[in-house]
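Before any comments, here is the structure.
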Amino acid sequence: QTLVLTLTSNASYSGTITNTAGITFSAAYANAVDPGPNPNTDTVTSAVRQLTADIQVQKTLRSPTTVQVGDLITYTIAITNAGPDTASVVLTDTFTNNPTVSSVAGASCSGVGTTGPVVCTLPNLTGTTVITLVLDSSTALVGSGIVNRAEAYPSNGLDSNTGNNISFSWPAVTVTGAPALTFSKTASPVSGSTVSPGQTLVYNLNVTNLSTATTAASNVMITDTLPAGVGLVSVSTNGTHTQNGSQHVFSASSLGIGQSLTATLQVTVTATTSGTVITNQASASSLNGSLGTQMTTHTVVTQATTTSYVYLPIVLKNFTMMPDLTITSFSITPANPSSSDTVVVSVTIQNIGNAATEEGFWVDFYIDPNPVPDETMGERRWERLGSNVSPKKGIAWKVTSLLAPGQSLTLTSDGSGGTLAPDPTFSAAWLADPRFVPGTNNLYAYVDSYDSALIPEGEILESDETNNRAQITGLGVTGLAVQESGQPLPDNRPDVSNK
């Protein structure tokens with residue numbers, strides 16, 4: 001009969017193992033005589049070699065040695081087992097200056113989303129495995145360097161050469177500050193307005209390195225090419241100005257933290273064809289890349305001359321004394337908000353007619369209305385129109401004062417600086433959460449928006465009912481969606497007539 005005995009040596013043991021087996025009679029056959037040769041034993045000696053491996057580490061930086069805070073830094077780590085035996089390996093990667101681990105690929109690793117260390121396990125390693133490590137420098141200290149250290153050993157600790165188990169990335173990666181630039185462009189009259197031949201347009205351009213920046217911005221540039229249909233009157237800037245035909249370039253070699261590059265272009269409307277759209281587009285950039293483009297539009301309207309006949313005694317024919325309300329300024333602050341920014345809306349209205357308003361009226365602010373309010377509607381209240389955003393919200397200002405010819409009134413969403421504040425009942429949703437949703441937003445303002453009598457002319461009978469609207473279209477809002485709670489919409493508004 002054959003018996004098989006299997007023994008496993010300790011992984012760290014090196015030497016010989018001696019095994020002796022013997023056979024005897026049981027007690028029932030104690031007096032039996034074994035006729036065979038003696039002794040009834042046998043011994044086997046086996047040599048045991050310790051399991052060893054040679055683990056080698058090589059780290060390589062795949063990014064520049066100088067990065068701006070917020071940039072990603074990539075390393076590759078090659079772990080090689082030069083043998084002779086297979087080994088399970090543990091890799092530990094540490095780094096200075098507090099960057100955050102963005103990702104690790106190539107092995108089973110822990111530490112992603114932390115500031116380290118990264119620990120990876122490589123079972124039964126033979127040959128070479130490459131791990132890719134990506135660090136986010138957003139949390140790193142500006143002005144300091146990042147040094148990365150990787151070390152790998154067999155899990156049983158037996159390495160034939162411990163001089164090649166550690167690798168550093170050198171030179172250190174230096175983290176520099178980053179500018180925080182914003183670009184805005186406004187026009188007067190406000191973009192979307194109608195203009196007449198000979199009328200003056202003013203374009204205001206601004207690039208600001210915000211106070212949140214950690215370094216100055218370099219090689220800041222604004223480019224504005226004036227469109228056909230306008231003639232240049234004047235140019236002003238706090239930077240350097242160069243002109244090539246209708247193209248105007250404003251530049252600053254450096255913008256410190258909190259500093260701005262500003263420019264103003266004043267032009268006159270030369271287009272004489274009614275319906276011509278004057279589109280002015282400007283772009284901005286810096287050493288760090290493009291800041292995008294900003295666009296304004298104005299539609300040319302030509303009007304037939306109205307003749308007034310004077311008789312003695314003075315008698316006017318074809319002449320009517322009437323108010324005419326229009327919006328001369330419509331803006332938001334900040335000009336390029338994110339979804340987390342609190343926004344202030346500002347609207348300036350003016351009576352450009354030849355008579356005072358005789359009663360109160362409403363001014364409304366809309367976000368993505370559907371349809372867009374115009375003079376053909378009997379109801380232009382923001383809460384009565386559809387909307388492309390949810391929950392729907394807007395602003396309503398109740399103007400009870402009378403506006404004389406030429407008189408202006410400024411309304412803001414927060415009532416700052418002595419301006420007229422919104423009606424709290426009909427602006428509750430906005431006042432509770434004065435922010436925009438991320439994506440493209442189209443904004444509108446409308447003066448004399450509420451028609452309590454449901455007549456096409458509106459609450460104020462004006463000499464021109466087609467110039468009551470202003471808009472800011474294509475406003476890009478960055479950021480993540482913010483949880484909003486809807487506010488109940490009022491059913492009706494009180495009459496504000498002073499009759």
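How things are named: the first chain in the structure tokens is A, the next is B, and so on; residues count from 1 in each chain; ligands count from 1 in the order shown.
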
Inset, instruction - Could you pull out the residues in region 134-302 of chain A that DSSP calls strand (DSSP E or B) from the backbone, as an MDAnalysis selection string? - result: chainID A and resid 134:136 145:146 148:154 159 166:168 173:176 181:188 194:195 200:209 217:225 230:237 240:244 247:255 260:269 277:286 289:300

Dump of C-alpha atoms for the selected residues, as a CSV table (one decimal), in the first residue's frame:
chain,number,residue,atom,x,y,z
A,134,VAL,CA,-3.1,61.8,-12.5
A,135,LEU,CA,-2.9,64.5,-9.8
A,136,ASP,CA,-5.1,67.6,-9.6
A,145,GLY,CA,6.8,72.2,-5.9
A,146,ILE,CA,5.3,68.7,-6.0
A,148,ASN,CA,6.4,62.3,-6.2
A,149,ARG,CA,7.9,59.2,-4.5
A,150,ALA,CA,6.9,55.7,-5.5
A,151,GLU,CA,8.2,52.5,-3.8
A,152,ALA,CA,7.2,48.8,-4.4
A,153,TYR,CA,8.1,45.6,-2.5
A,154,PRO,CA,7.1,41.9,-2.6
A,159,ASP,CA,13.7,41.1,-2.6
A,166,ILE,CA,12.2,53.5,-4.9
A,167,SER,CA,11.8,56.1,-7.7
A,168,PHE,CA,11.3,59.9,-7.4
A,173,VAL,CA,6.6,70.2,-10.6
A,174,THR,CA,6.2,73.9,-9.7
A,175,VAL,CA,2.6,75.2,-9.2
A,176,THR,CA,2.1,78.8,-10.3
A,181,LEU,CA,-10.6,86.7,-16.3
A,182,THR,CA,-14.1,87.8,-17.3
A,183,PHE,CA,-15.0,89.5,-20.6
A,184,SER,CA,-18.1,91.7,-21.1
A,185,LYS,CA,-19.5,94.0,-23.8
A,186,THR,CA,-22.4,96.4,-23.5
A,187,ALA,CA,-23.9,98.9,-25.8
A,188,SER,CA,-25.9,102.2,-25.5
A,194,THR,CA,-34.0,100.2,-32.7
A,195,VAL,CA,-31.9,103.1,-33.9
A,200,THR,CA,-24.8,107.6,-31.8
A,201,LEU,CA,-24.0,104.1,-30.6
A,202,VAL,CA,-21.5,103.5,-27.8
A,203,TYR,CA,-19.8,100.1,-27.4
A,204,ASN,CA,-18.1,99.4,-24.0
A,205,LEU,CA,-15.6,96.6,-23.7
A,206,ASN,CA,-14.1,95.2,-20.5
A,207,VAL,CA,-11.8,92.4,-19.4
A,208,THR,CA,-11.2,92.1,-15.6
A,209,ASN,CA,-8.8,89.9,-13.7
A,217,ALA,CA,-2.8,87.9,-16.5
A,218,SER,CA,-0.5,88.3,-19.4
A,219,ASN,CA,-1.0,89.5,-23.0
A,220,VAL,CA,-4.6,90.4,-22.6
A,221,MET,CA,-6.3,91.5,-25.9
A,222,ILE,CA,-9.7,92.6,-27.0
A,223,THR,CA,-10.5,92.7,-30.8
A,224,ASP,CA,-13.6,94.5,-32.1
A,225,THR,CA,-14.2,94.8,-35.9
A,230,VAL,CA,-21.6,102.6,-38.8
A,231,GLY,CA,-18.9,105.3,-38.9
A,232,LEU,CA,-16.2,105.8,-36.2
A,233,VAL,CA,-16.4,108.9,-34.0
A,234,SER,CA,-13.9,108.3,-31.2
A,235,VAL,CA,-11.9,105.6,-29.4
A,236,SER,CA,-10.7,105.5,-25.8
A,237,THR,CA,-8.9,102.9,-23.7
A,240,THR,CA,-2.8,100.1,-26.0
A,241,HIS,CA,-4.9,100.7,-29.2
A,242,THR,CA,-4.0,99.7,-32.7
A,243,GLN,CA,-6.3,100.0,-35.8
A,244,ASN,CA,-6.3,98.1,-39.1
A,247,GLN,CA,-10.6,96.3,-36.8
A,248,HIS,CA,-9.6,97.8,-33.4
A,249,VAL,CA,-7.3,95.9,-31.1
A,250,PHE,CA,-6.9,96.9,-27.4
A,251,SER,CA,-4.2,95.2,-25.4
A,252,ALA,CA,-2.4,95.1,-22.0
A,253,SER,CA,0.8,93.2,-21.4
A,254,SER,CA,-0.3,92.5,-17.8
A,255,LEU,CA,-3.4,92.8,-15.7
A,260,SER,CA,-9.3,95.8,-15.9
A,261,LEU,CA,-8.6,96.5,-19.5
A,262,THR,CA,-11.4,98.8,-20.8
A,263,ALA,CA,-12.2,100.3,-24.2
A,264,THR,CA,-15.0,102.5,-25.6
A,265,LEU,CA,-15.9,102.8,-29.3
A,266,GLN,CA,-18.3,105.6,-30.2
A,267,VAL,CA,-19.9,105.4,-33.7
A,268,THR,CA,-22.8,106.9,-35.7
A,269,VAL,CA,-25.3,105.0,-37.7
A,277,VAL,CA,-29.4,94.9,-38.5
A,278,ILE,CA,-26.1,96.3,-37.2
A,279,THR,CA,-24.3,93.4,-35.5
A,280,ASN,CA,-21.1,94.2,-33.6
A,281,GLN,CA,-19.0,91.3,-32.3
A,282,ALA,CA,-15.9,91.5,-30.1
A,283,SER,CA,-13.6,88.8,-28.8
A,284,ALA,CA,-11.0,88.6,-26.1
A,285,SER,CA,-8.0,86.5,-25.2
A,286,SER,CA,-5.0,86.2,-23.0
A,289,GLY,CA,-6.5,81.2,-24.1
A,290,SER,CA,-9.7,82.6,-25.5
A,291,LEU,CA,-12.2,84.4,-23.3
A,292,GLY,CA,-15.0,84.0,-26.0
A,293,THR,CA,-17.0,86.5,-27.9
A,294,GLN,CA,-19.7,89.0,-27.1
A,295,MET,CA,-22.3,90.4,-29.6
A,296,THR,CA,-24.7,93.3,-29.7
A,297,THR,CA,-27.3,94.1,-32.3
A,298,HIS,CA,-29.3,97.2,-33.3
A,299,THR,CA,-32.1,97.4,-36.0
A,300,VAL,CA,-32.2,100.6,-38.2

Inset, instruction - Find, counting only C-alpha atoms, the residue in A:Leu226, A:Ala140, A:Ala213, A:Val477 that gets nearest to Gln259 (chain A). - result: A:Ala213

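The closest residue to Ser387 (chain A), picked from A:Val142, A:Phe361, A:Val343, A:Asn442 and counting only C-alpha atoms, is A:Asn442.
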
Legend entry - Surrounding residues of region 416-421 of chain A excluding itself and chain neighbours under 2 positions, 12 Å, only C-alpha atoms, as a list in words: Val344, Val345, Ser346, Val347, Thr348, Ile349, Trp362, Val363, Ile395, Ala396, Trp397, Lys398, Val399, Thr400, Ser401, Ser408, Leu409, Thr410, Leu411, Thr412, Ser413, Asp414, Asp423, Pro424, Thr425, Phe426, Ser427 and Leu431 of chain A

Inset, instruction - Can you pull out every residue within 12 Å of Ser102 (chain A), counting only C-alpha atoms, but drop anything in the same chain fewer than 6 positions away, and send it as a list in words? - result: Gly70, Asp71, Leu72, Ile73, Thr74, Tyr75, Ser110, Gly111, Val112, Gly113, Thr114, Thr115, Gly116, Val118, Thr132, Leu133, Val134, Leu135, Asp136, Ser137, Ser138 and Thr139 of chain A

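Here the question is which of A:Leu141, A:Met321, A:Ile77, A:Asn97 gets nearest to Cys120 (chain A) using only C-alpha atoms, and that residue is A:Ile77.
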
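CA of Gly474 (chain A) to CA of Gly439 (chain A) spans 9.2 Å [interatomic distance, one decimal].
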
Inset, instruction - Go through A:Thr20, A:Ser329, A:Thr440, A:Thr60 one by one, measure the shortest atom-to-atom distance of each to Ser169 (chain A) using only C-alpha atoms, and give the residue with the smallest value. - result: A:Thr60

Inset, instruction - Have a look at A:Asn156, A:Thr466, A:Ser144, A:Thr302 and name the one nearest to Thr66 (chain A); count only C-alpha atoms. - result: A:Ser144

Excluding same-chain residues fewer than 6 positions from Ala216 (chain A), what lies within 6 Å of it counting only C-alpha atoms, as a tab-separated table (two decimals) with N, CA, C and O atoms, in the first residue's frame?
chain	number	residue	atom	x	y	z
A	179	PRO	N	-4.73	83.41	-13.41
A	179	PRO	CA	-5.65	84.56	-13.45
A	179	PRO	C	-7.09	84.09	-13.47
A	179	PRO	O	-7.38	82.91	-13.73
A	255	LEU	N	-2.31	92.29	-16.53
A	255	LEU	CA	-3.42	92.76	-15.70
A	255	LEU	C	-3.25	92.16	-14.32
A	255	LEU	O	-3.36	90.95	-14.14
A	256	GLY	N	-2.97	93.01	-13.33
A	256	GLY	CA	-2.83	92.52	-11.97
A	256	GLY	C	-4.16	92.07	-11.40
A	256	GLY	O	-5.23	92.29	-11.99
A	257	ILE	N	-4.11	91.48	-10.24
A	257	ILE	CA	-5.33	91.01	-9.58
A	257	ILE	C	-6.24	92.20	-9.30
A	257	ILE	O	-5.82	93.19	-8.69

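As for CA of Val447 (chain A) and CA of Asp433 (chain A), they are spaced 23.2 Å apart.
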
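Residues lying within 8 Å of region 80-83 of chain A, counting only C-alpha atoms and ignoring same-chain neighbours fewer than 4 positions away, are Thr52, Ala53, Asp54, Ile55, Gln56, Val57, Ala87, Leu125, Thr126, Gly127, Thr128 and Thr129 of chain A.
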
Based on the selection just made, write N, CA and C atoms of those residues as an mmCIF file, in the first residue's frame.
data_model
loop_
_atom_site.group_PDB
_atom_site.id
_atom_site.type_symbol
_atom_site.label_atom_id
_atom_site.label_comp_id
_atom_site.auth_asym_id
_atom_site.auth_seq_id
_atom_site.Cartn_x
_atom_site.Cartn_y
_atom_site.Cartn_z
ATOM 1 N N THR A 52 12.313 34.273 -4.135
ATOM 2 C CA THR A 52 12.857 35.632 -4.230
ATOM 3 C C THR A 52 12.445 36.274 -5.544
ATOM 4 N N ALA A 53 12.420 37.602 -5.526
ATOM 5 C CA ALA A 53 12.113 38.378 -6.725
ATOM 6 C C ALA A 53 12.938 39.652 -6.672
ATOM 7 N N ASP A 54 13.120 40.285 -7.808
ATOM 8 C CA ASP A 54 13.803 41.586 -7.883
ATOM 9 C C ASP A 54 12.800 42.599 -8.433
ATOM 10 N N ILE A 55 12.184 43.391 -7.539
ATOM 11 C CA ILE A 55 11.161 44.367 -7.932
ATOM 12 C C ILE A 55 11.838 45.709 -8.209
ATOM 13 N N GLN A 56 11.576 46.260 -9.389
ATOM 14 C CA GLN A 56 12.186 47.517 -9.825
ATOM 15 C C GLN A 56 11.077 48.541 -10.122
ATOM 16 N N VAL A 57 11.321 49.822 -9.757
ATOM 17 C CA VAL A 57 10.335 50.888 -9.952
ATOM 18 C C VAL A 57 10.966 52.017 -10.763
ATOM 19 N N ALA A 87 5.864 37.195 -7.863
ATOM 20 C CA ALA A 87 5.678 37.823 -6.553
ATOM 21 C C ALA A 87 4.430 38.693 -6.567
ATOM 22 N N LEU A 125 2.876 39.152 -9.906
ATOM 23 C CA LEU A 125 3.504 39.987 -10.931
ATOM 24 C C LEU A 125 4.658 39.259 -11.586
ATOM 25 N N THR A 126 4.603 39.214 -12.904
ATOM 26 C CA THR A 126 5.739 38.794 -13.721
ATOM 27 C C THR A 126 5.902 39.846 -14.808
ATOM 28 N N GLY A 127 7.137 40.137 -15.173
ATOM 29 C CA GLY A 127 7.336 41.143 -16.207
ATOM 30 C C GLY A 127 7.064 42.545 -15.670
ATOM 31 N N THR A 128 6.467 43.396 -16.518
ATOM 32 C CA THR A 128 6.294 44.818 -16.182
ATOM 33 C C THR A 128 4.828 45.225 -16.256
ATOM 34 N N THR A 129 4.376 45.973 -15.254
ATOM 35 C CA THR A 129 3.055 46.604 -15.260
ATOM 36 C C THR A 129 3.246 48.112 -15.160
#
